[in-house]
$ cat coords_33.cif   # mmCIF, C-alpha atoms and all ligand atoms
data_query
loop_
_atom_site.label_atom_id
_atom_site.label_comp_id
_atom_site.auth_asym_id
_atom_site.auth_seq_id
_atom_site.Cartn_x
_atom_site.Cartn_y
_atom_site.Cartn_z
CA MET A 1 -3.33 12.77 -23.04
CA LYS A 2 -3.24 9.28 -21.49
CA ARG A 3 -6.04 8.36 -19.08
CA ALA A 4 -5.57 6.13 -16.02
CA LEU A 5 -7.98 4.64 -13.51
CA ILE A 6 -6.65 3.87 -10.03
CA THR A 7 -8.55 1.78 -7.51
CA GLY A 8 -7.22 2.43 -4.00
CA ILE A 9 -6.30 6.02 -4.90
CA THR A 10 -6.90 7.13 -1.29
CA GLY A 11 -4.28 4.69 0.03
CA GLN A 12 -0.53 5.10 0.43
CA ASP A 13 0.43 3.82 -3.04
CA GLY A 14 -2.60 5.28 -4.81
CA SER A 15 -1.70 8.77 -3.64
CA TYR A 16 1.92 8.51 -4.81
CA LEU A 17 0.86 6.93 -8.11
CA ALA A 18 -1.71 9.69 -8.74
CA GLU A 19 1.05 12.28 -8.16
CA LEU A 20 3.39 10.45 -10.52
CA LEU A 21 0.83 10.14 -13.32
CA LEU A 22 -0.42 13.74 -13.00
CA GLY A 23 3.25 14.81 -13.21
CA LYS A 24 3.55 12.85 -16.46
CA GLY A 25 0.53 14.67 -17.93
CA TYR A 26 -2.07 11.90 -17.46
CA GLU A 27 -5.74 12.45 -16.78
CA VAL A 28 -6.26 10.47 -13.57
CA HIS A 29 -9.51 8.89 -12.41
CA GLY A 30 -9.79 7.41 -8.94
CA LEU A 31 -12.29 5.05 -7.38
CA ILE A 32 -13.23 6.14 -3.86
CA ARG A 33 -15.50 4.56 -1.29
CA ARG A 34 -18.34 6.52 0.20
CA SER A 35 -17.62 6.97 3.88
CA SER A 36 -19.27 8.97 6.66
CA THR A 37 -16.03 10.90 7.20
CA PHE A 38 -13.64 12.14 4.53
CA ASN A 39 -11.13 9.49 3.45
CA THR A 40 -9.21 11.58 0.90
CA SER A 41 -6.56 13.19 3.13
CA ARG A 42 -3.67 11.63 1.15
CA ILE A 43 -4.86 13.15 -2.14
CA ASP A 44 -6.45 16.42 -1.02
CA HIS A 45 -3.34 18.32 -2.14
CA LEU A 46 -3.84 17.01 -5.69
CA TYR A 47 -7.52 17.85 -5.98
CA VAL A 48 -8.67 20.63 -8.30
CA ASP A 49 -12.35 21.58 -8.64
CA PRO A 50 -13.63 19.56 -11.63
CA HIS A 51 -15.24 22.76 -13.01
CA ASP A 52 -11.73 24.13 -13.51
CA PRO A 53 -10.76 23.59 -17.18
CA ASP A 54 -7.29 22.50 -16.00
CA ALA A 55 -8.63 19.74 -13.74
CA ARG A 56 -7.05 16.35 -14.52
CA LEU A 57 -7.95 14.41 -11.37
CA PHE A 58 -11.50 13.02 -11.16
CA LEU A 59 -12.91 10.93 -8.32
CA HIS A 60 -15.78 8.46 -8.67
CA TYR A 61 -17.71 6.65 -5.97
CA GLY A 62 -17.48 2.90 -6.27
CA ASP A 63 -16.39 -0.26 -4.52
CA LEU A 64 -14.57 -3.40 -5.59
CA SER A 65 -17.50 -5.41 -4.22
CA ASP A 66 -19.88 -3.78 -6.75
CA GLY A 67 -19.26 -5.31 -10.17
CA ALA A 68 -22.01 -3.46 -12.05
CA ARG A 69 -20.60 -0.12 -10.93
CA LEU A 70 -17.14 -1.14 -12.15
CA VAL A 71 -18.53 -2.00 -15.62
CA THR A 72 -20.28 1.39 -15.81
CA LEU A 73 -17.15 3.27 -14.76
CA LEU A 74 -14.82 1.39 -17.10
CA SER A 75 -17.21 2.06 -20.02
CA GLN A 76 -17.55 5.76 -19.18
CA ILE A 77 -13.89 6.49 -18.42
CA ALA A 78 -12.35 4.17 -21.06
CA PRO A 79 -8.88 4.38 -19.45
CA ASP A 80 -5.65 3.48 -21.23
CA GLU A 81 -4.22 2.09 -17.99
CA VAL A 82 -5.94 0.52 -14.97
CA TYR A 83 -4.07 0.15 -11.67
CA ASN A 84 -5.83 -2.17 -9.25
CA LEU A 85 -4.46 -1.07 -5.86
CA GLY A 86 -7.71 -1.29 -3.89
CA ALA A 87 -7.74 -3.97 -1.19
CA GLN A 88 -8.28 -4.78 2.45
CA SER A 89 -4.51 -4.72 2.79
CA HIS A 90 -3.85 -5.46 6.47
CA VAL A 91 -2.61 -9.01 7.09
CA ARG A 92 -3.60 -9.17 10.78
CA VAL A 93 -7.07 -7.77 10.01
CA SER A 94 -7.53 -10.42 7.32
CA PHE A 95 -7.70 -13.04 10.12
CA ASP A 96 -10.50 -11.04 11.75
CA GLU A 97 -12.34 -10.35 8.47
CA PRO A 98 -11.43 -13.27 6.19
CA GLU A 99 -14.61 -13.23 4.13
CA HIS A 100 -14.52 -9.47 3.54
CA THR A 101 -10.82 -9.74 2.62
CA GLY A 102 -11.57 -12.52 0.13
CA ASN A 103 -14.40 -10.46 -1.36
CA THR A 104 -12.35 -7.31 -1.92
CA THR A 105 -8.68 -8.35 -2.13
CA GLY A 106 -9.52 -11.50 -4.12
CA MET A 107 -12.89 -11.26 -5.87
CA GLY A 108 -12.49 -7.50 -6.36
CA SER A 109 -9.76 -8.19 -8.91
CA ILE A 110 -11.83 -10.50 -11.07
CA ARG A 111 -14.73 -8.04 -10.94
CA LEU A 112 -12.41 -5.36 -12.27
CA LEU A 113 -10.92 -7.66 -14.93
CA GLU A 114 -14.43 -8.65 -16.03
CA ALA A 115 -15.42 -4.98 -16.14
CA VAL A 116 -12.47 -4.32 -18.48
CA ARG A 117 -13.55 -7.22 -20.68
CA LEU A 118 -17.26 -6.39 -20.69
CA ALA A 119 -16.63 -2.70 -21.37
CA GLY A 120 -14.71 -3.84 -24.46
CA ILE A 121 -11.95 -1.30 -23.97
CA ASP A 122 -8.32 -1.59 -24.99
CA CYS A 123 -6.26 -0.95 -21.87
CA ARG A 124 -3.31 -2.15 -19.82
CA PHE A 125 -3.97 -3.63 -16.38
CA TYR A 126 -1.74 -3.60 -13.27
CA GLN A 127 -2.51 -5.95 -10.37
CA ALA A 128 -1.04 -5.11 -6.94
CA SER A 129 0.30 -8.54 -6.06
CA SER A 130 2.28 -9.05 -2.89
CA SER A 131 5.29 -10.79 -1.36
CA GLU A 132 2.77 -12.17 1.17
CA MET A 133 1.94 -14.73 -1.54
CA PHE A 134 5.35 -16.37 -0.86
CA GLY A 135 4.49 -16.66 2.84
CA ALA A 136 6.31 -19.69 4.24
CA THR A 137 8.61 -20.26 1.24
CA PRO A 138 12.12 -19.31 2.38
CA PRO A 139 14.01 -16.34 0.89
CA PRO A 140 15.32 -15.09 -1.42
CA GLN A 141 12.04 -14.91 -3.35
CA ASN A 142 11.71 -14.04 -7.04
CA GLU A 143 9.17 -14.46 -9.86
CA ASP A 144 9.76 -18.26 -9.95
CA THR A 145 9.38 -18.88 -6.21
CA PRO A 146 6.37 -21.07 -5.30
CA PHE A 147 3.56 -19.46 -3.33
CA TYR A 148 2.69 -20.57 0.21
CA PRO A 149 0.38 -17.90 1.67
CA ARG A 150 0.02 -17.75 5.44
CA SER A 151 -3.07 -15.55 5.82
CA PRO A 152 -6.48 -14.95 4.24
CA TYR A 153 -4.89 -11.81 2.76
CA GLY A 154 -2.05 -13.76 1.17
CA ALA A 155 -4.46 -16.38 -0.17
CA ALA A 156 -6.72 -13.69 -1.67
CA LYS A 157 -3.69 -12.11 -3.39
CA VAL A 158 -2.71 -15.50 -4.84
CA TYR A 159 -6.20 -15.77 -6.37
CA SER A 160 -5.86 -12.28 -7.85
CA TYR A 161 -2.40 -13.10 -9.19
CA TRP A 162 -3.69 -16.14 -11.07
CA VAL A 163 -6.80 -14.51 -12.53
CA THR A 164 -4.65 -11.62 -13.77
CA LYS A 165 -2.34 -14.11 -15.47
CA ASN A 166 -5.35 -16.00 -16.80
CA TYR A 167 -6.89 -12.90 -18.42
CA ARG A 168 -3.53 -12.24 -20.08
CA GLU A 169 -3.46 -15.77 -21.52
CA ALA A 170 -7.17 -16.22 -22.19
CA TYR A 171 -8.07 -12.81 -23.65
CA GLY A 172 -4.72 -11.33 -24.66
CA LEU A 173 -5.13 -8.52 -22.13
CA PHE A 174 -1.93 -6.59 -21.34
CA ALA A 175 -2.19 -7.57 -17.67
CA VAL A 176 0.75 -7.66 -15.26
CA ASN A 177 1.39 -8.61 -11.66
CA GLY A 178 3.71 -6.38 -9.66
CA ILE A 179 4.86 -8.62 -6.80
CA LEU A 180 5.85 -5.90 -4.39
CA PHE A 181 7.70 -6.44 -1.14
CA ASN A 182 6.88 -4.17 1.80
CA HIS A 183 7.16 -0.50 0.95
CA GLU A 184 6.58 2.31 3.37
CA SER A 185 6.54 6.09 3.67
CA PRO A 186 5.27 8.87 5.91
CA ARG A 187 1.86 8.16 4.27
CA ARG A 188 1.84 4.53 5.45
CA GLY A 189 -1.28 3.56 7.42
CA GLU A 190 -0.74 4.01 11.17
CA THR A 191 -1.32 0.33 12.04
CA PHE A 192 1.42 -1.14 9.81
CA VAL A 193 4.50 -1.85 11.88
CA THR A 194 6.93 0.75 10.47
CA ARG A 195 4.52 3.65 10.79
CA LYS A 196 3.30 2.42 14.17
CA ILE A 197 6.93 2.55 15.34
CA THR A 198 7.89 5.93 13.83
CA ARG A 199 4.67 7.58 15.03
CA ALA A 200 5.28 6.21 18.54
CA VAL A 201 8.89 7.45 18.48
CA ALA A 202 7.67 10.99 17.73
CA ARG A 203 5.01 10.83 20.46
CA ILE A 204 7.36 9.34 23.06
CA GLN A 205 9.98 11.98 22.28
CA ALA A 206 7.32 14.69 22.71
CA GLY A 207 6.27 13.18 26.05
CA LEU A 208 2.79 12.25 24.78
CA GLU A 209 3.26 8.48 25.24
CA GLN A 210 5.30 6.26 27.54
CA HIS A 211 5.02 2.82 25.93
CA LEU A 212 4.75 1.08 22.59
CA PHE A 213 3.05 -2.33 22.55
CA MET A 214 4.36 -4.69 19.88
CA GLY A 215 4.06 -8.29 18.66
CA ASN A 216 6.73 -10.45 16.98
CA LEU A 217 10.02 -8.55 16.77
CA ASP A 218 11.86 -11.41 15.02
CA ALA A 219 9.98 -11.17 11.71
CA VAL A 220 12.25 -10.20 8.81
CA ARG A 221 11.09 -7.97 5.99
CA ASP A 222 12.52 -6.23 2.94
CA TRP A 223 11.38 -2.64 3.42
CA GLY A 224 11.61 -0.12 0.58
CA TYR A 225 10.36 3.40 -0.07
CA ALA A 226 6.85 3.65 -1.60
CA PRO A 227 7.41 6.52 -4.12
CA GLU A 228 10.08 4.39 -5.84
CA TYR A 229 7.72 1.42 -6.05
CA VAL A 230 4.91 3.31 -7.84
CA GLU A 231 7.48 4.29 -10.48
CA GLY A 232 8.07 0.53 -10.93
CA MET A 233 4.33 -0.08 -11.36
CA TRP A 234 4.19 2.51 -14.13
CA ARG A 235 7.26 1.05 -15.86
CA MET A 236 5.62 -2.40 -15.93
CA LEU A 237 2.74 -0.95 -17.97
CA GLN A 238 5.11 0.83 -20.40
CA ALA A 239 7.01 -2.38 -21.28
CA ASP A 240 6.74 -3.91 -24.76
CA GLU A 241 5.34 -7.19 -23.40
CA PRO A 242 3.18 -7.91 -20.35
CA ASP A 243 5.09 -9.79 -17.65
CA ASP A 244 5.20 -10.21 -13.86
CA TYR A 245 7.87 -8.53 -11.75
CA VAL A 246 9.19 -8.55 -8.19
CA LEU A 247 10.06 -5.13 -6.71
CA ALA A 248 12.24 -5.24 -3.59
CA THR A 249 15.43 -3.82 -2.11
CA GLY A 250 17.06 -7.25 -1.63
CA GLU A 251 18.09 -6.32 1.92
CA LYS A 252 16.76 -7.88 5.08
CA CYS A 253 15.76 -6.05 8.23
CA SER A 254 14.02 -7.46 11.30
CA VAL A 255 11.28 -5.59 13.13
CA ARG A 256 13.75 -5.30 16.03
CA GLU A 257 16.36 -3.70 13.75
CA PHE A 258 13.82 -1.23 12.39
CA LEU A 259 12.80 -0.37 15.97
CA THR A 260 16.43 0.22 16.90
CA ALA A 261 17.08 2.47 13.89
CA ALA A 262 13.92 4.54 14.48
CA PHE A 263 14.43 5.05 18.24
CA GLU A 264 18.18 5.74 17.84
CA HIS A 265 17.42 8.44 15.27
CA ALA A 266 15.41 10.23 17.96
CA GLY A 267 18.13 9.66 20.57
CA LEU A 268 16.04 7.06 22.45
CA ASP A 269 16.72 3.51 23.68
CA TRP A 270 13.80 1.37 22.44
CA GLU A 271 14.19 -1.21 25.20
CA LYS A 272 13.00 1.33 27.76
CA TYR A 273 9.68 1.87 26.00
CA VAL A 274 8.67 -1.25 24.06
CA ARG A 275 6.34 -3.81 25.67
CA PHE A 276 5.04 -7.11 24.33
CA ASP A 277 1.34 -7.60 23.62
CA GLU A 278 0.19 -10.94 22.23
CA ARG A 279 -2.77 -9.36 20.48
CA TYR A 280 -0.35 -8.23 17.75
CA LEU A 281 0.73 -11.80 16.98
CA ARG A 282 -0.78 -13.54 13.97
CA PRO A 283 -2.24 -17.10 14.01
CA THR A 284 0.34 -17.92 11.33
CA GLU A 285 3.32 -15.64 10.78
CA VAL A 286 5.41 -14.96 7.70
CA ASP A 287 8.92 -15.23 9.12
CA SER A 288 11.13 -13.91 6.38
CA LEU A 289 10.64 -12.07 3.09
CA ILE A 290 13.68 -10.91 1.12
CA GLY A 291 13.15 -10.16 -2.54
CA ASP A 292 15.30 -10.59 -5.62
CA ALA A 293 14.35 -7.81 -8.05
CA SER A 294 17.04 -8.52 -10.65
CA LYS A 295 14.45 -9.12 -13.41
CA ALA A 296 12.95 -5.66 -12.86
CA GLU A 297 16.45 -4.15 -12.93
CA ALA A 298 17.35 -5.95 -16.16
CA ASN A 299 14.08 -5.37 -18.07
CA LEU A 300 12.69 -2.15 -16.59
CA GLY A 301 15.83 -0.40 -15.33
CA TRP A 302 14.22 -0.26 -11.87
CA LYS A 303 16.32 -0.50 -8.71
CA ALA A 304 15.48 0.45 -5.12
CA ILE A 305 17.52 3.34 -3.73
CA VAL A 306 16.27 3.89 -0.18
CA HIS A 307 16.86 0.99 2.23
CA ALA A 308 15.44 0.32 5.70
CA PRO A 309 17.73 2.41 7.94
CA GLU A 310 17.28 5.53 5.80
CA LEU A 311 13.56 4.79 5.49
CA ALA A 312 13.28 4.72 9.29
CA ARG A 313 14.95 8.13 9.49
CA ILE A 314 12.70 9.62 6.76
CA MET A 315 9.59 8.36 8.55
CA VAL A 316 10.67 9.47 12.04
CA ASP A 317 11.51 12.96 10.75
CA ALA A 318 8.12 13.20 9.05
CA ASP A 319 6.25 12.06 12.17
CA VAL A 320 8.17 14.48 14.39
CA GLU A 321 7.33 17.30 11.95
CA ALA A 322 3.65 16.26 11.72
CA LEU A 323 3.35 16.33 15.49
CA ARG A 324 4.77 19.85 15.63
CA HIS A 325 1.93 21.06 13.40
CA GLU A 326 -0.77 18.91 14.94
CA GLY A 327 -0.76 20.53 18.40
CA LYS A 328 -2.51 18.83 21.24
CA PRO A 329 -5.83 17.26 20.17
CA TRP A 330 -7.70 18.33 23.30
CA ILE A 331 -6.78 21.97 22.65
CA ASP A 332 -7.68 21.82 18.96
CA GLU A 333 -10.96 20.00 19.42
CA PRO A 334 -13.33 22.90 20.25
CA LYS A 335 -12.23 24.72 17.10
CA HIS A 336 -13.67 21.90 15.00
CA ILE A 337 -16.97 21.54 16.84
CA ASN A 338 -19.84 23.96 16.57
CA TRP A 339 -21.11 23.66 20.16
CA SER A 340 -24.19 25.77 19.48
CA VAL A 341 -25.83 23.16 17.21
P1 LIG B 401 -3.60 0.96 1.69
O1 LIG B 401 -2.89 2.21 2.09
O2 LIG B 401 -4.22 0.10 2.73
O3 LIG B 401 -4.74 1.40 0.64
C1 LIG B 401 -5.75 0.50 0.24
C2 LIG B 401 -6.71 1.23 -0.67
O4 LIG B 401 -7.77 0.33 -1.05
C3 LIG B 401 -7.40 2.44 0.00
O5 LIG B 401 -7.55 3.45 -0.97
C4 LIG B 401 -8.78 1.85 0.35
O6 LIG B 401 -9.79 2.82 0.44
C5 LIG B 401 -9.01 0.95 -0.86
N1 LIG B 401 -10.04 -0.05 -0.65
C6 LIG B 401 -10.19 -0.89 0.41
N2 LIG B 401 -11.28 -1.66 0.25
C7 LIG B 401 -11.84 -1.29 -0.93
C8 LIG B 401 -13.01 -1.69 -1.62
N3 LIG B 401 -13.83 -2.63 -1.15
N4 LIG B 401 -13.30 -1.08 -2.79
C9 LIG B 401 -12.49 -0.10 -3.29
N5 LIG B 401 -11.38 0.33 -2.66
C10 LIG B 401 -11.06 -0.26 -1.50
O7 LIG B 401 -2.64 0.03 0.82
P2 LIG B 401 -1.25 0.38 0.09
O8 LIG B 401 -0.15 0.15 1.04
O9 LIG B 401 -1.38 1.67 -0.62
O10 LIG B 401 -1.17 -0.81 -0.97
C11 LIG B 401 -1.75 -0.72 -2.27
C12 LIG B 401 -2.01 -2.10 -2.81
O11 LIG B 401 -0.79 -2.81 -2.89
C13 LIG B 401 -2.94 -2.96 -1.97
O12 LIG B 401 -3.66 -3.79 -2.85
C14 LIG B 401 -2.00 -3.80 -1.13
O13 LIG B 401 -2.63 -5.00 -0.74
C15 LIG B 401 -0.88 -4.01 -2.13
N6 LIG B 401 0.46 -4.21 -1.57
C16 LIG B 401 0.97 -3.33 -0.67
C17 LIG B 401 2.25 -3.48 -0.22
C18 LIG B 401 2.88 -2.51 0.76
O14 LIG B 401 3.91 -2.85 1.35
N7 LIG B 401 2.33 -1.29 0.90
C19 LIG B 401 3.04 -4.55 -0.69
C20 LIG B 401 2.49 -5.41 -1.62
C21 LIG B 401 1.21 -5.23 -2.07
P3 LIG B 401 -10.08 3.63 1.83
O15 LIG B 401 -9.07 4.74 1.88
O16 LIG B 401 -11.48 4.08 1.66
O17 LIG B 401 -9.89 2.64 2.95
O1 LIG B 402 3.81 -6.31 9.65
C1 LIG B 402 5.26 -7.75 12.71
C2 LIG B 402 4.20 -8.55 12.00
O2 LIG B 402 1.57 -5.24 9.37
C3 LIG B 402 5.17 -6.55 9.41
C4 LIG B 402 1.09 -5.04 3.96
O3 LIG B 402 1.36 -3.86 3.25
O4 LIG B 402 3.29 -5.88 3.51
C5 LIG B 402 2.39 -5.57 4.55
O5 LIG B 402 2.10 -6.71 5.33
C6 LIG B 402 5.71 -7.52 10.45
C7 LIG B 402 4.87 -8.77 10.65
O6 LIG B 402 3.07 -5.67 7.35
C8 LIG B 402 3.61 -5.65 15.16
O7 LIG B 402 3.89 -9.74 12.71
C9 LIG B 402 5.28 -7.02 15.13
O8 LIG B 402 5.69 -9.90 10.71
O9 LIG B 402 3.65 -3.89 8.88
P1 LIG B 402 2.97 -5.19 8.86
P2 LIG B 402 2.94 -7.09 6.64
O10 LIG B 402 2.14 -8.04 7.43
O11 LIG B 402 4.32 -7.52 6.26
C10 LIG B 402 2.84 -6.87 2.58
C11 LIG B 402 3.89 -7.04 1.52
C12 LIG B 402 1.49 -6.58 2.05
O12 LIG B 402 1.17 -6.93 0.92
C13 LIG B 402 0.48 -6.07 3.01
O13 LIG B 402 -0.59 -5.42 2.32
O14 LIG B 402 5.73 -6.86 11.71
N1 LIG B 402 4.77 -6.98 13.87
N2 LIG B 402 4.58 -6.24 15.94
C14 LIG B 402 3.74 -6.13 13.84
N3 LIG B 402 2.93 -5.73 12.84
C15 LIG B 402 1.96 -4.82 13.14
N4 LIG B 402 1.15 -4.40 12.15
N5 LIG B 402 1.80 -4.34 14.41
C16 LIG B 402 2.60 -4.71 15.45
O15 LIG B 402 2.43 -4.26 16.59
#
$ encode --input "coords_33.cif" --output "structure tokens"
Amino acid sequence: MKRALITGITGQDGSYLAELLLGKGYEVHGLIRRSSTFNTSRIDHLYVDPHDPDARLFLHYGDLSDGARLVTLLSQIAPDEVYNLGAQSHVRVSFDEPEHTGNTTGMGSIRLLEAVRLAGIDCRFYQASSSEMFGATPPPQNEDTPFYPRSPYGAAKVYSYWVTKNYREAYGLFAVNGILFNHESPRRGETFVTRKITRAVARIQAGLEQHLFMGNLDAVRDWGYAPEYVEGMWRMLQADEPDDYVLATGEKCSVREFLTAAFEHAGLDWEKYVRFDERYLRPTEVDSLIGDASKAEANLGWKAIVHAPELARIMVDADVEALRHEGKPWIDEPKHINWSV
């Protein structure tokens, strides 16, 4: 049985990757952060009590800012594959918390690479690199496109990209960079633009909200479907040789076009509801990201299937369904609170 360690297992990609690897018969270990409220909602459906002899998912407290803990965990778990998905992953937030973003999204990667080296284990290493590294370099972008990051997040990812490459060259580690363009799903964090839109569509349709406040609608992205992208991550680690790969759909879609598709799917005209709020602008914007994933198609047999318009429909349907089950928060609330204490 192969053993994998996933940092960022509680995030969008981590949850899909854990599902994929468990489905392939792996034993999966996940790094989770201690938090005062539960942060495992995306993987709760996968969890089996570790006392159960059939349990194959194990969670460990840790943090990418704590190098000693990473060395201990790598030594104890001795994984065959390490997927480094943990990061402060929000571009806008990286302008508010640049130092924290550098410490986790950048330095976190070298702590994990060092932990692999110091633990002396033989494993394959996946680094979650990002199209944000291309930043201001015009599309189409592929593995040979120069980096020009436009945020502390993008700059931190560039650092992680290069140290991953360096550990491959310096120590012969099977280490790869997956340079992934935006990928979304119903599990996408609520403050990323696609999910913010589809969640608002569901709430506006249900009469719970009247307006959606947005920033730059002209930005162009290449939006794919997250479950397909975690399959690409896995394929990169099964290749004969370590190499870096772009994963993308190759199709462009502006924020405005995504808005239109999402609202139209619910029978709504977005222009009646959307308002501008400058707080959602970034000090420096990435205007256009459109990926060329032909290397991944040629070497890994990977190709994106779901494109932006269908993605918008999948996400709207999921948010409409989620709202149906959620009920109204003010009615549910007393059920969760023990007023007598
Ligand atoms: P996400 O939903 O924001 O998940 C991020 C994960 O990182 C969460 O599990 C989070 O834990 C964890 N994390 C944050 N800070 C940490 C720390 N200090 N120590 C350990 N774990 C920490 O991100 P995602 O969309 O799944 O993306 C996965 C990775 O791919 C990220 O590295 C992201 O930057 C990168 N990426 C994403 C995209 C995309 O379009 N989704 C594209 C390119 C690259 P909590 O749950 O406790 O917050
Ligand atoms: O913004 C514009 C915003 O926050 C997309 C992360 O997964 O993908 C993601 O980064 C675009 C930007 O994602 C709002 O200005 C307009 O141009 O959904 P986003 P992102 O910045 O592209 C890359 C590949 C990653 O690696 C990152 O981890 O949408 N936009 N109005 C808005 N964005 C947000 N969040 N909110 C708005 O109201």
$ residues_near_ligand --input "coords_33.cif" --ligand "ligand LIG 402 (chain B)" --cutoff "8 Å" --atoms "only C-alpha atoms and all ligand atoms" --output "short mmCIF file (atom, residue, chain, number, x, y, z; two decimals) with C-alpha atoms, keeping the file's coordinate frame"
data_model
loop_
_atom_site.label_atom_id
_atom_site.label_comp_id
_atom_site.auth_asym_id
_atom_site.auth_seq_id
_atom_site.Cartn_x
_atom_site.Cartn_y
_atom_site.Cartn_z
CA GLN A 88 -8.28 -4.78 2.45
CA SER A 89 -4.51 -4.72 2.79
CA HIS A 90 -3.85 -5.46 6.47
CA VAL A 91 -2.61 -9.01 7.09
CA ARG A 92 -3.60 -9.17 10.78
CA SER A 129 0.30 -8.54 -6.06
CA SER A 130 2.28 -9.05 -2.89
CA SER A 131 5.29 -10.79 -1.36
CA GLU A 132 2.77 -12.17 1.17
CA TYR A 153 -4.89 -11.81 2.76
CA GLY A 154 -2.05 -13.76 1.17
CA LEU A 180 5.85 -5.90 -4.39
CA PHE A 181 7.70 -6.44 -1.14
CA ASN A 182 6.88 -4.17 1.80
CA HIS A 183 7.16 -0.50 0.95
CA THR A 191 -1.32 0.33 12.04
CA PHE A 192 1.42 -1.14 9.81
CA VAL A 193 4.50 -1.85 11.88
CA THR A 194 6.93 0.75 10.47
CA ARG A 195 4.52 3.65 10.79
CA LYS A 196 3.30 2.42 14.17
CA PHE A 213 3.05 -2.33 22.55
CA MET A 214 4.36 -4.69 19.88
CA GLY A 215 4.06 -8.29 18.66
CA ASN A 216 6.73 -10.45 16.98
CA LEU A 217 10.02 -8.55 16.77
CA ASP A 218 11.86 -11.41 15.02
CA ALA A 219 9.98 -11.17 11.71
CA VAL A 220 12.25 -10.20 8.81
CA ARG A 221 11.09 -7.97 5.99
CA VAL A 255 11.28 -5.59 13.13
CA ASP A 277 1.34 -7.60 23.62
CA TYR A 280 -0.35 -8.23 17.75
CA LEU A 281 0.73 -11.80 16.98
CA ARG A 282 -0.78 -13.54 13.97
CA GLU A 285 3.32 -15.64 10.78
CA VAL A 286 5.41 -14.96 7.70
CA ASP A 287 8.92 -15.23 9.12
#
$ residues_near_ligand --input "coords_33.cif" --ligand "ligand LIG 401 (chain B)" --cutoff "6 Å" --atoms "all atoms listed in the file" --output "PDB file with C-alpha atoms, keeping the file's coordinate frame"
ATOM      1  CA  THR A   7      -8.550   1.780  -7.510  1.00  0.00           C
ATOM      2  CA  GLY A   8      -7.220   2.430  -4.000  1.00  0.00           C
ATOM      3  CA  ILE A   9      -6.300   6.020  -4.900  1.00  0.00           C
ATOM      4  CA  THR A  10      -6.900   7.130  -1.290  1.00  0.00           C
ATOM      5  CA  GLY A  11      -4.280   4.690   0.030  1.00  0.00           C
ATOM      6  CA  GLN A  12      -0.530   5.100   0.430  1.00  0.00           C
ATOM      7  CA  ASP A  13       0.430   3.820  -3.040  1.00  0.00           C
ATOM      8  CA  GLY A  14      -2.600   5.280  -4.810  1.00  0.00           C
ATOM      9  CA  ARG A  33     -15.500   4.560  -1.290  1.00  0.00           C
ATOM     10  CA  ASN A  39     -11.130   9.490   3.450  1.00  0.00           C
ATOM     11  CA  ASP A  63     -16.390  -0.260  -4.520  1.00  0.00           C
ATOM     12  CA  LEU A  64     -14.570  -3.400  -5.590  1.00  0.00           C
ATOM     13  CA  SER A  65     -17.500  -5.410  -4.220  1.00  0.00           C
ATOM     14  CA  LEU A  85      -4.460  -1.070  -5.860  1.00  0.00           C
ATOM     15  CA  GLY A  86      -7.710  -1.290  -3.890  1.00  0.00           C
ATOM     16  CA  ALA A  87      -7.740  -3.970  -1.190  1.00  0.00           C
ATOM     17  CA  GLN A  88      -8.280  -4.780   2.450  1.00  0.00           C
ATOM     18  CA  SER A  89      -4.510  -4.720   2.790  1.00  0.00           C
ATOM     19  CA  THR A 104     -12.350  -7.310  -1.920  1.00  0.00           C
ATOM     20  CA  ALA A 128      -1.040  -5.110  -6.940  1.00  0.00           C
ATOM     21  CA  SER A 129       0.300  -8.540  -6.060  1.00  0.00           C
ATOM     22  CA  SER A 130       2.280  -9.050  -2.890  1.00  0.00           C
ATOM     23  CA  LEU A 180       5.850  -5.900  -4.390  1.00  0.00           C
ATOM     24  CA  PHE A 181       7.700  -6.440  -1.140  1.00  0.00           C
ATOM     25  CA  ASN A 182       6.880  -4.170   1.800  1.00  0.00           C
ATOM     26  CA  HIS A 183       7.160  -0.500   0.950  1.00  0.00           C
ATOM     27  CA  GLY A 189      -1.280   3.560   7.420  1.00  0.00           C
TER      28      GLY A 189
END
$ closest_residue --input "coords_33.cif" --among "A:Pro283, A:Val274, A:Ala4, A:Pro79" --to "Asp96 (chain A)" --atoms "only C-alpha atoms"
A:Pro283
$ residues_around --input "coords_33.cif" --residues "Ala262 (chain A)" --least-positions-apart "5" --cutoff "12 Å" --atoms "only C-alpha atoms" --output "count of residues only"
32
$ residues_around --input "coords_33.cif" --residues "region 156-168 of chain A" --least-positions-apart "3" --cutoff "10 Å" --atoms "all atoms listed in the file" --output "PyMOL selection string"
chain A and resi 87-89+94+98-99+101-110+113-114+117+125-134+147-149+151-153+171-179+242-244
$ atom_distance --input "coords_33.cif" --atom1 "CA of Gln76 (chain A)" --atom2 "CA of Leu31 (chain A)"
12.9 Å
$ closest_residue --input "coords_33.cif" --among "A:Lys295, A:Arg69, A:His51, A:Arg56" --to "Leu112 (chain A)" --atoms "all atoms listed in the file"
A:Arg69
$ atom_distance --input "coords_33.cif" --atom1 "CA of Arg124 (chain A)" --atom2 "CA of Ser15 (chain A)"
19.6 Å
$ closest_residue --input "coords_33.cif" --among "A:Pro138, A:Trp234, A:Glu19, A:Val246" --to "Ala298 (chain A)" --atoms "only C-alpha atoms"
A:Val246
$ atom_distance --input "coords_33.cif" --atom1 "CA of Pro140 (chain A)" --atom2 "CA of Ala155 (chain A)"
19.9 Å
